[in-house]
file start-v3.txt (compact mmCIF, C-alpha atoms and all ligand atoms)
# COMPACT_ATOMS: atom_id res chain seq x y z
CA MET C 1 118.28 167.99 258.50
CA LYS C 2 115.26 169.19 256.55
CA ARG C 3 115.06 168.54 252.82
CA VAL C 4 111.93 169.46 250.86
CA TYR C 5 110.74 168.10 247.54
CA ASN C 6 112.11 170.67 245.12
CA PHE C 7 110.42 171.10 241.74
CA ALA C 8 112.33 174.26 240.79
CA ALA C 9 112.92 174.94 237.10
CA GLY C 10 116.49 176.09 237.58
CA PRO C 11 118.70 176.33 239.49
CA ALA C 12 117.18 173.01 240.38
CA ALA C 13 117.41 170.04 242.71
CA LEU C 14 120.73 168.22 243.04
CA PRO C 15 121.13 164.63 244.25
CA LEU C 16 121.53 164.60 248.04
CA SER C 17 124.48 162.20 247.83
CA VAL C 18 126.27 164.71 245.60
CA LEU C 19 125.71 167.53 248.07
CA GLU C 20 126.90 165.33 250.90
CA LYS C 21 130.06 164.33 249.09
CA ALA C 22 130.79 167.98 248.28
CA LYS C 23 130.23 168.86 251.92
CA GLU C 24 132.56 166.12 253.06
CA GLU C 25 135.32 167.30 250.72
CA LEU C 26 134.66 171.00 251.11
CA THR C 27 137.49 172.03 253.40
CA ASP C 28 140.05 169.46 252.33
CA PHE C 29 139.85 168.35 248.72
CA GLY C 30 141.69 165.10 248.01
CA GLY C 31 144.02 165.58 250.94
CA CYS C 32 145.49 168.82 249.59
CA GLY C 33 144.45 170.83 252.65
CA MET C 34 142.43 173.29 250.58
CA SER C 35 138.97 173.26 249.09
CA VAL C 36 138.55 172.67 245.36
CA MET C 37 137.54 176.34 245.16
CA GLU C 38 140.92 177.45 246.48
CA ILE C 39 143.23 175.67 244.09
CA SER C 40 144.52 176.76 240.70
CA HIS C 41 142.51 175.72 237.69
CA ARG C 42 145.86 174.71 236.21
CA SER C 43 146.86 172.51 239.15
CA ALA C 44 147.06 168.75 238.68
CA PRO C 45 144.20 168.00 241.11
CA PHE C 46 141.85 170.37 239.33
CA GLN C 47 142.91 169.24 235.87
CA ALA C 48 142.01 165.72 236.99
CA VAL C 49 138.52 166.92 237.95
CA ALA C 50 137.98 168.66 234.61
CA ASP C 51 139.28 165.64 232.69
CA ASP C 52 137.08 163.31 234.70
CA ALA C 53 134.01 165.48 234.07
CA GLU C 54 134.66 165.51 230.34
CA ALA C 55 135.34 161.77 230.22
CA ARG C 56 132.12 161.00 232.11
CA LEU C 57 130.08 163.26 229.85
CA ARG C 58 131.63 161.61 226.80
CA ARG C 59 130.75 158.15 228.14
CA LEU C 60 127.23 159.10 229.24
CA LEU C 61 126.31 160.64 225.88
CA ALA C 62 128.58 158.45 223.72
CA ILE C 63 130.06 161.62 222.26
CA PRO C 64 132.01 160.76 219.08
CA ASP C 65 135.71 161.63 218.89
CA ASN C 66 135.17 164.33 216.28
CA TYR C 67 133.24 166.43 218.78
CA LYS C 68 134.77 168.81 221.30
CA VAL C 69 133.32 169.28 224.77
CA LEU C 70 133.71 172.88 225.94
CA PHE C 71 133.14 174.32 229.41
CA LEU C 72 132.07 177.95 229.35
CA GLN C 73 130.25 180.53 231.40
CA GLY C 74 127.49 182.97 230.47
CA GLY C 75 124.63 180.48 230.63
CA ALA C 76 122.57 179.14 227.76
CA SER C 77 121.69 182.76 227.04
CA MET C 78 125.26 183.53 226.00
CA GLN C 79 125.01 180.69 223.50
CA PHE C 80 122.11 182.56 221.90
CA ASP C 81 124.88 184.97 220.76
CA MET C 82 127.89 182.68 220.43
CA LEU C 83 126.11 180.20 218.18
CA PRO C 84 125.25 182.71 215.42
CA MET C 85 128.55 184.58 215.83
CA ASN C 86 130.50 181.38 215.28
CA LEU C 87 128.26 179.44 212.88
CA MET C 88 126.74 182.07 210.59
CA HIS C 89 129.63 182.10 208.17
CA ASP C 90 128.49 181.15 204.67
CA THR C 91 124.89 182.11 203.90
CA LYS C 92 124.77 184.10 207.14
CA ARG C 93 121.29 182.76 207.54
CA ALA C 94 119.78 180.29 209.99
CA TYR C 95 116.45 178.69 210.75
CA TYR C 96 114.95 179.09 214.22
CA LEU C 97 111.84 177.29 215.38
CA ASN C 98 109.74 179.52 217.61
CA THR C 99 108.51 177.02 220.18
CA GLY C 100 108.80 178.96 223.43
CA ASN C 101 110.23 181.87 225.31
CA PHE C 102 113.85 180.76 225.14
CA ALA C 103 113.47 179.81 221.48
CA LYS C 104 112.16 183.30 220.75
CA LYS C 105 115.01 184.91 222.67
CA SER C 106 117.59 182.84 220.81
CA ALA C 107 116.11 183.93 217.45
CA LYS C 108 116.10 187.55 218.54
CA GLU C 109 119.80 187.43 219.37
CA ALA C 110 120.67 185.64 216.13
CA LYS C 111 119.15 188.53 214.19
CA LEU C 112 122.06 190.65 215.40
CA PHE C 113 124.42 188.52 213.31
CA GLY C 114 122.51 187.50 210.21
CA GLU C 115 119.17 186.60 208.70
CA VAL C 116 116.78 184.52 210.76
CA LEU C 117 114.14 182.39 209.08
CA ILE C 118 111.26 181.23 211.26
CA PRO C 119 109.61 178.37 209.39
CA ALA C 120 107.17 177.53 212.16
CA SER C 121 105.90 179.01 215.38
CA SER C 122 103.43 178.10 218.07
CA GLU C 123 103.47 181.52 219.67
CA GLU C 124 99.91 182.26 218.57
CA ILE C 125 98.63 179.29 220.60
CA GLY C 126 100.63 180.33 223.65
CA TYR C 127 103.27 177.65 222.91
CA THR C 128 100.91 174.96 224.22
CA ALA C 129 102.05 172.51 221.50
CA LEU C 130 104.85 172.26 218.97
CA PRO C 131 104.10 173.55 215.46
CA ALA C 132 103.67 170.98 212.69
CA LEU C 133 106.87 170.61 210.68
CA THR C 134 107.70 169.43 207.18
CA ALA C 135 111.02 168.85 205.46
CA GLU C 136 110.07 171.52 202.87
CA MET C 137 110.22 174.17 205.56
CA PHE C 138 113.99 173.94 205.56
CA SER C 139 114.62 174.17 201.82
CA GLU C 140 116.54 177.49 201.72
CA PRO C 141 120.31 177.38 202.05
CA ALA C 142 121.21 178.16 205.67
CA ASP C 143 124.15 177.70 208.01
CA TYR C 144 122.13 175.79 210.60
CA VAL C 145 118.73 175.02 212.09
CA HIS C 146 118.20 175.83 215.76
CA ILE C 147 115.76 174.07 218.06
CA THR C 148 114.99 174.36 221.74
CA TYR C 149 114.75 170.65 222.49
CA ASN C 150 112.76 170.97 225.70
CA ASN C 151 110.66 174.08 226.15
CA THR C 152 111.18 174.51 229.86
CA ILE C 153 108.51 177.13 230.48
CA PHE C 154 105.67 175.56 228.49
CA GLY C 155 106.37 171.85 228.86
CA THR C 156 106.75 170.71 225.27
CA THR C 157 109.58 168.67 223.82
CA PHE C 158 110.77 167.38 220.45
CA HIS C 159 110.17 163.64 220.61
CA LYS C 160 110.94 163.58 216.90
CA LEU C 161 113.60 165.77 215.33
CA PRO C 162 112.75 168.06 212.42
CA GLU C 163 113.86 166.73 209.04
CA VAL C 164 116.61 169.18 208.17
CA GLY C 165 118.35 167.09 205.53
CA ASP C 166 122.09 167.73 205.52
CA LYS C 167 121.78 171.01 207.40
CA VAL C 168 123.55 171.45 210.71
CA LEU C 169 121.19 171.02 213.63
CA ALA C 170 121.91 173.07 216.76
CA ALA C 171 120.00 172.33 219.95
CA ASP C 172 119.50 174.09 223.25
CA MET C 173 119.27 171.12 225.63
CA THR C 174 119.50 173.09 228.85
CA SER C 175 116.48 171.50 230.49
CA CYS C 176 116.79 167.96 229.13
CA ILE C 177 120.44 167.04 228.63
CA LEU C 178 121.13 163.52 229.97
CA SER C 179 117.44 162.88 230.64
CA GLU C 180 116.98 160.62 227.62
CA PRO C 181 119.24 159.04 225.01
CA VAL C 182 120.27 161.33 222.16
CA ASN C 183 122.32 160.55 219.13
CA VAL C 184 124.98 163.25 219.29
CA SER C 185 125.88 162.80 215.62
CA ASP C 186 122.43 164.11 214.66
CA TYR C 187 123.64 167.51 215.84
CA GLY C 188 126.35 169.95 214.92
CA VAL C 189 126.08 171.71 218.26
CA ILE C 190 124.41 170.87 221.57
CA TYR C 191 124.53 173.38 224.39
CA ALA C 192 123.18 173.47 227.92
CA GLY C 193 123.33 175.71 230.95
CA ALA C 194 124.29 173.42 233.83
CA GLN C 195 121.78 174.48 236.45
CA LYS C 196 118.94 172.15 235.44
CA ASN C 197 120.29 168.66 234.84
CA LEU C 198 124.07 168.93 235.17
CA GLY C 199 124.98 170.79 238.33
CA PRO C 200 124.95 174.28 239.77
CA ALA C 201 124.64 177.55 237.85
CA GLY C 202 127.74 179.18 236.42
CA LEU C 203 128.77 176.52 233.92
CA THR C 204 127.61 176.02 230.35
CA VAL C 205 128.48 172.93 228.34
CA VAL C 206 128.89 173.04 224.56
CA ILE C 207 129.30 169.88 222.51
CA ILE C 208 130.38 170.83 219.02
CA ARG C 209 131.50 168.97 215.89
CA GLU C 210 135.10 169.90 215.16
CA ASP C 211 134.51 171.13 211.61
CA LEU C 212 132.14 173.79 212.97
CA ILE C 213 134.88 175.37 215.07
CA GLY C 214 136.83 178.32 213.69
CA LEU C 215 134.56 179.20 210.76
CA ASN C 216 134.61 182.91 211.53
CA GLU C 217 137.72 184.91 212.27
CA ASN C 218 138.26 187.98 214.39
CA LEU C 219 135.72 187.09 217.04
CA PRO C 220 136.22 188.35 220.58
CA ALA C 221 138.31 185.68 222.30
CA MET C 222 135.75 184.92 224.99
CA LEU C 223 133.03 184.42 222.37
CA ASP C 224 135.05 182.22 220.01
CA TYR C 225 134.56 178.45 220.24
CA ALA C 226 138.02 178.04 218.68
CA VAL C 227 139.66 179.76 221.64
CA TYR C 228 137.97 177.42 224.12
CA ALA C 229 138.76 174.38 222.00
CA LYS C 230 142.42 175.30 221.55
CA ASN C 231 142.89 175.96 225.27
CA ASN C 232 140.92 172.99 226.61
CA SER C 233 138.39 175.45 228.06
CA MET C 234 141.13 177.09 230.11
CA TYR C 235 141.85 180.23 228.14
CA ASN C 236 140.85 182.03 231.31
CA THR C 237 139.67 180.77 234.70
CA PRO C 238 136.79 178.35 234.19
CA PRO C 239 134.01 177.99 236.80
CA THR C 240 136.00 175.46 238.79
CA PHE C 241 133.53 174.70 241.56
CA ALA C 242 130.67 174.25 239.09
CA ILE C 243 132.79 171.85 237.02
CA TYR C 244 133.65 169.91 240.17
CA MET C 245 129.97 169.70 241.12
CA MET C 246 129.03 168.56 237.63
CA ASP C 247 131.66 165.85 237.87
CA LEU C 248 129.98 164.58 241.04
CA VAL C 249 126.55 164.68 239.37
CA LEU C 250 127.91 162.74 236.40
CA GLU C 251 129.48 160.20 238.75
CA TRP C 252 126.10 159.80 240.47
CA LEU C 253 124.43 159.29 237.10
CA GLU C 254 126.98 156.73 235.92
CA ASP C 255 126.62 154.79 239.19
CA LEU C 256 122.87 154.77 238.65
CA GLY C 257 123.29 153.09 235.26
CA GLY C 258 123.70 156.10 232.96
CA VAL C 259 121.24 157.64 230.55
CA PRO C 260 119.24 154.48 229.74
CA ALA C 261 118.59 153.92 233.46
CA ILE C 262 117.61 157.50 234.24
CA TYR C 263 115.46 157.61 231.09
CA GLU C 264 113.37 154.70 232.41
CA ILE C 265 112.97 156.47 235.74
CA ASN C 266 112.13 159.78 234.04
CA LYS C 267 109.52 158.10 231.84
CA ARG C 268 107.91 156.48 234.88
CA LYS C 269 107.81 159.80 236.78
CA ALA C 270 106.27 161.67 233.85
CA ALA C 271 103.80 158.88 233.01
CA ALA C 272 102.54 158.79 236.61
CA LEU C 273 102.05 162.54 236.78
CA TYR C 274 100.37 162.80 233.37
CA ALA C 275 98.14 159.82 234.15
CA TYR C 276 96.97 161.59 237.28
CA LEU C 277 96.43 164.88 235.38
CA ASP C 278 94.41 163.08 232.70
CA SER C 279 92.19 161.46 235.30
CA SER C 280 91.81 164.53 237.50
CA LYS C 281 88.58 166.50 237.62
CA LEU C 282 90.35 169.56 239.03
CA PHE C 283 93.73 169.75 237.31
CA ARG C 284 94.57 169.50 233.64
CA GLY C 285 97.81 169.45 231.68
CA ILE C 286 98.44 172.68 229.75
CA VAL C 287 100.12 171.12 226.70
CA THR C 288 97.35 170.37 224.21
CA LYS C 289 99.08 167.65 222.17
CA LYS C 290 99.97 164.61 224.24
CA GLU C 291 102.72 163.63 221.82
CA ASP C 292 104.53 166.91 222.58
CA ARG C 293 104.52 166.51 226.35
CA SER C 294 107.85 166.90 228.08
CA ILE C 295 109.13 164.30 230.51
CA MET C 296 111.12 167.01 232.35
CA SER C 297 108.78 169.99 232.58
CA VAL C 298 105.16 169.19 233.41
CA THR C 299 102.82 172.18 233.20
CA PHE C 300 99.29 172.10 234.61
CA THR C 301 96.51 174.28 235.97
CA THR C 302 93.11 174.19 237.61
CA GLY C 303 91.99 176.87 235.16
CA ASP C 304 91.31 179.19 238.11
CA LYS C 305 94.08 181.64 238.97
CA ALA C 306 93.13 182.05 242.61
CA LEU C 307 92.92 178.29 243.09
CA ASP C 308 96.29 177.80 241.38
CA THR C 309 97.82 180.33 243.78
CA ARG C 310 96.30 178.58 246.78
CA PHE C 311 97.50 175.22 245.52
CA CYS C 312 101.09 176.47 245.27
CA LYS C 313 100.91 178.00 248.72
CA GLU C 314 99.52 174.87 250.37
CA ALA C 315 101.97 172.66 248.49
CA GLU C 316 104.86 174.82 249.68
CA ALA C 317 103.64 174.51 253.26
CA ALA C 318 103.56 170.72 252.82
CA GLY C 319 107.18 170.65 251.63
CA LEU C 320 106.48 170.50 247.89
CA CYS C 321 108.34 173.56 246.71
CA ASN C 322 108.65 175.76 243.62
CA LEU C 323 105.57 174.56 241.75
CA LYS C 324 104.47 177.98 240.54
CA GLY C 325 104.52 178.22 236.75
CA HIS C 326 106.74 180.70 234.92
CA ARG C 327 105.34 184.22 234.96
CA VAL C 328 104.68 184.20 231.21
CA ALA C 329 102.89 180.83 231.26
CA GLY C 330 100.90 180.96 234.49
CA GLY C 331 99.51 177.90 236.23
CA MET C 332 101.87 175.35 237.74
CA ARG C 333 104.97 173.59 236.58
CA ALA C 334 106.67 170.60 238.12
CA SER C 335 110.23 170.37 236.87
CA ILE C 336 111.04 166.72 237.33
CA TYR C 337 114.69 166.69 236.32
CA ASN C 338 117.04 163.73 236.81
CA ALA C 339 117.70 164.60 240.45
CA VAL C 340 113.98 164.73 241.34
CA SER C 341 113.15 161.28 242.66
CA GLU C 342 110.17 159.06 241.94
CA GLU C 343 109.32 159.46 245.59
CA ALA C 344 109.04 163.24 245.08
CA VAL C 345 106.70 162.76 242.14
CA GLN C 346 104.57 160.27 244.07
CA ALA C 347 104.37 162.74 246.97
CA LEU C 348 103.24 165.44 244.54
CA ILE C 349 100.55 163.21 243.04
CA ALA C 350 99.28 162.26 246.50
CA PHE C 351 99.18 165.90 247.53
CA MET C 352 97.33 166.90 244.35
CA ALA C 353 94.79 164.12 244.83
CA ASP C 354 94.16 165.32 248.38
CA PHE C 355 93.84 168.92 247.23
CA GLU C 356 91.41 167.79 244.55
CA LYS C 357 89.24 165.96 247.07
CA ASN C 358 89.06 169.07 249.24
CA ASN C 359 88.32 171.49 246.44
CA ILE C 360 85.86 169.88 244.10
C1 LIG C 401 116.89 177.89 231.58
C2 LIG C 401 116.99 177.89 230.10
C3 LIG C 401 117.71 178.87 229.42
C4 LIG C 401 118.37 180.03 230.11
O1 LIG C 401 119.53 179.58 230.69
P1 LIG C 401 120.59 180.58 231.36
O2 LIG C 401 121.67 179.64 231.76
O3 LIG C 401 119.89 181.23 232.50
O4 LIG C 401 121.01 181.56 230.34
C5 LIG C 401 117.81 178.77 228.05
N1 LIG C 401 117.22 177.76 227.38
C6 LIG C 401 116.51 176.81 228.01
C7 LIG C 401 115.88 175.71 227.21
C8 LIG C 401 116.38 176.85 229.38
O5 LIG C 401 115.67 175.88 230.01
call {"tool": "encode", "arguments": {"input": "start-v3.txt", "output": "structure tokens", "more": "lines below"}}
Ligand SMILES: *Cc1c(COP(=O)(O)O)cnc(C)c1O
result
Amino acid sequence: MKRVYNFAAGPAALPLSVLEKAKEELTDFGGCGMSVMEISHRSAPFQAVADDAEARLRRLLAIPDNYKVLFLQGGASMQFDMLPMNLMHDTKRAYYLNTGNFAKKSAKEAKLFGEVLIPASSEEIGYTALPALTAEMFSEPADYVHITYNNTIFGTTFHKLPEVGDKVLAADMTSCILSEPVNVSDYGVIYAGAQKNLGPAGLTVVIIREDLIGLNENLPAMLDYAVYAKNNSMYNTPPTFAIYMMDLVLEWLEDLGGVPAIYEINKRKAAALYAYLDSSKLFRGIVTKKEDRSIMSVTFTTGDKALDTRFCKEAEAAGLCNLKGHRVAGGMRASIYNAVSEEAVQALIAFMADFEKNNI
């Protein structure tokens, strides 16, 4: 069997033990003589999987009882629409911080449903740092404040939350959920596409405070949080295989020691890679403010396009895959999600050091 080191941004690496367990159970799930993909979403064996996945997520994130956990489809991008449709109800106004490509897209969609205030943006500096924030920026009445917690494409992250007072905070955590401890009660809504830190593509998780459900009436059923909440995410057929795979990933994470344990590992991985970048004479990190650096998405470059391209090509040949940066950011990006091991990061650093020696 050949397995490469996979630094893909999403869909991304999954733990090998998870894939192996899925393979083992693929043709006969739990002795039922069918795969988990072939059984009814309303059957007892599948309901047990969905319940287990929710229970694990609740334990891992210490989700308070007054929050619902919803399993949806449509990716994080569908939440760019569902969030304003469901939450813009009173002032019909919301704050969006423009900190990256996905942040910008989410603001653009919200404009379809109400007024969008953009108190701060780092677009003019190519999103290479987070904009400076003050509490005064959020002084207008608004239904919520939206942040993209980890800016996947550019490699910045909110290590400190904006001071939004008593306003509802909504966060896109697609590329960082379960990578570090978060206090769920700081948020009204947390959402994440599964394909980065939770499992395969096709599933989106929404964690939402109960009083924020059902604020707007007459929404299309499939775009109404209340419909998912009322039907335990089974108003229609949920993405059963993706939920099953997430359950296995969550089991893997719990066995590892949960979020505090993976956070220590993630910090070590990021610290090692950034330390190398800061000492390198060939490579440099793209994020300009060290305090904004992401521990999940590490962006870097040699500053020379042709050399960057050659680096990615040679890395690929050496089994270090998917290091090319996003097309709008250029350079390189190592996505070092939960399932990317310390060994993978050490292999990357060793390869970069070698490449540096040969090209300086
Ligand atoms: C990947 C990503 C998205 C897009 O997710 P889809 O599931 O493809 O819609 C949105 N936001 C962030 C922060 C992401 O990393």
call {"tool": "atom_distance", "arguments": {"input": "start-v3.txt", "atom1": "atom CA of Val249 of chain C", "atom2": "atom CA of Ser341 of chain C"}}
result
14.2 Å
call {"tool": "atom_distance", "arguments": {"input": "start-v3.txt", "atom1": "atom CA of Tyr127 of chain C", "atom2": "atom CA of Val328 of chain C"}}
result
10.7 Å
call {"tool": "closest_atom_pairs", "arguments": {"input": "start-v3.txt", "of": "chain C", "to": "ligand LIG 401 (chain C)", "cutoff": "6 Å", "atoms": "all atoms listed in the file", "output": "Markdown table"}}
result
| residue | atom | partner | partner_atom | distance |
| --- | --- | --- | --- | --- |
| C:Gly75 | CA | C:LIG401 | O2 | 3.3 |
| C:Ala76 | CA | C:LIG401 | O4 | 3.9 |
| C:Ser77 | CA | C:LIG401 | O4 | 3.6 |
| C:Phe102 | CA | C:LIG401 | N1 | 5.0 |
| C:Thr148 | CA | C:LIG401 | C7 | 5.7 |
| C:Asn150 | CA | C:LIG401 | C7 | 5.9 |
| C:Asn151 | CA | C:LIG401 | C7 | 5.6 |
| C:Thr152 | CA | C:LIG401 | O5 | 4.7 |
| C:Asp172 | CA | C:LIG401 | C7 | 5.6 |
| C:Met173 | CA | C:LIG401 | C7 | 5.9 |
| C:Thr174 | CA | C:LIG401 | C7 | 4.8 |
| C:Ser175 | CA | C:LIG401 | O5 | 4.5 |
| C:Gly193 | CA | C:LIG401 | O2 | 4.3 |
call {"tool": "write_last_selection", "arguments": {"input": "start-v3.txt", "atoms": "C-alpha atoms", "output": "CSV table (one decimal), in the coordinates of the input"}}
result
chain,number,residue,atom,x,y,z
C,75,GLY,CA,124.6,180.5,230.6
C,76,ALA,CA,122.6,179.1,227.8
C,77,SER,CA,121.7,182.8,227.0
C,102,PHE,CA,113.8,180.8,225.1
C,148,THR,CA,115.0,174.4,221.7
C,150,ASN,CA,112.8,171.0,225.7
C,151,ASN,CA,110.7,174.1,226.2
C,152,THR,CA,111.2,174.5,229.9
C,172,ASP,CA,119.5,174.1,223.2
C,173,MET,CA,119.3,171.1,225.6
C,174,THR,CA,119.5,173.1,228.8
C,175,SER,CA,116.5,171.5,230.5
C,193,GLY,CA,123.3,175.7,231.0
call {"tool": "closest_residue", "arguments": {"input": "start-v3.txt", "among": "C:Pro131, C:Gly319, C:Pro220, C:Gly325", "to": "Ile147 of chain C", "atoms": "all atoms listed in the file"}}
result
C:Pro131
call {"tool": "residues_around", "arguments": {"input": "start-v3.txt", "residues": "Gln195 of chain C", "least_positions_apart": "3", "cutoff": "6 Å", "atoms": "only C-alpha atoms", "output": "number ranges by chain"}}
result
C: 10-11, 199-201
call {"tool": "atom_distance", "arguments": {"input": "start-v3.txt", "atom1": "atom CA of Ala103 of chain C", "atom2": "atom CA of Ile213 of chain C"}}
result
22.8 Å
call {"tool": "closest_residue", "arguments": {"input": "start-v3.txt", "among": "C:Asn197, C:Asn98, C:Asn266, C:Ser121", "to": "Leu178 of chain C", "atoms": "all atoms listed in the file"}}
result
C:Asn197
call {"tool": "closest_residue", "arguments": {"input": "start-v3.txt", "among": "C:Val116, C:Met245, C:Met222, C:Ala353", "to": "Val49 of chain C", "atoms": "all atoms listed in the file"}}
result
C:Met245
call {"tool": "residues_around", "arguments": {"input": "start-v3.txt", "residues": "Ala8 of chain C", "least_positions_apart": "5", "cutoff": "7 Å", "atoms": "all atoms listed in the file", "output": "JSON, numbers by chain"}}
result
{"C": [13, 322, 323, 335]}
call {"tool": "write_last_selection", "arguments": {"input": "start-v3.txt", "atoms": "C-alpha atoms", "output": "PDB file, in the frame of the given file"}}
result
ATOM      1  CA  ALA C  13     117.410 170.040 242.710  1.00  0.00           C
ATOM      2  CA  ASN C 322     108.650 175.760 243.620  1.00  0.00           C
ATOM      3  CA  LEU C 323     105.570 174.560 241.750  1.00  0.00           C
ATOM      4  CA  SER C 335     110.230 170.370 236.870  1.00  0.00           C
TER       5      SER C 335
END
call {"tool": "closest_residue", "arguments": {"input": "start-v3.txt", "among": "C:Glu24, C:Glu123, C:Glu180, C:Asp211", "to": "Leu97 of chain C", "atoms": "all atoms listed in the file"}}
result
C:Glu123
call {"tool": "closest_residue", "arguments": {"input": "start-v3.txt", "among": "C:Cys321, C:Ile153, C:Thr299, C:Phe283", "to": "Phe355 of chain C", "atoms": "only C-alpha atoms"}}
result
C:Phe283
call {"tool": "closest_residue", "arguments": {"input": "start-v3.txt", "among": "C:Val298, C:Ala55, C:Ala339, C:Thr309", "to": "Leu253 of chain C", "atoms": "all atoms listed in the file"}}
result
C:Ala339
call {"tool": "residues_around", "arguments": {"input": "start-v3.txt", "residues": "Leu72 of chain C", "least_positions_apart": "5", "cutoff": "12 Å", "atoms": "only C-alpha atoms", "output": "JSON, numbers by chain"}}
result
{"C": [77, 78, 79, 82, 191, 192, 193, 194, 201, 202, 203, 204, 205, 206, 207, 222, 223, 224, 225, 227, 228, 229, 231, 232, 233, 234, 235, 236, 237, 238, 239, 240, 242, 243]}
call {"tool": "residues_around", "arguments": {"input": "start-v3.txt", "residues": "Glu140 of chain C", "least_positions_apart": "6", "cutoff": "10 Å", "atoms": "only C-alpha atoms", "output": "PyMOL selection string"}}
result
chain C and resi 91+93-95+117
call {"tool": "write_last_selection", "arguments": {"input": "start-v3.txt", "atoms": "C-alpha atoms", "output": "PDB file, keeping the file's coordinate frame"}}
result
ATOM      1  CA  THR C  91     124.890 182.110 203.900  1.00  0.00           C
ATOM      2  CA  ARG C  93     121.290 182.760 207.540  1.00  0.00           C
ATOM      3  CA  ALA C  94     119.780 180.290 209.990  1.00  0.00           C
ATOM      4  CA  TYR C  95     116.450 178.690 210.750  1.00  0.00           C
ATOM      5  CA  LEU C 117     114.140 182.390 209.080  1.00  0.00           C
TER       6      LEU C 117
END
call {"tool": "residues_near_point", "arguments": {"input": "start-v3.txt", "point": "(116.9, 159.1, 236.5)", "cutoff": "8 Å", "atoms": "all atoms listed in the file", "output": "ChimeraX atom specification"}}
result
/C:179,253,256,259,261-266,337-341
call {"tool": "residues_around", "arguments": {"input": "start-v3.txt", "residues": "Met85 of chain C", "least_positions_apart": "4", "cutoff": "8 Å", "atoms": "only C-alpha atoms", "output": "NGL selection string"}}
result
:C and (81 or 110 or 113 or 216 or 219 or 223)
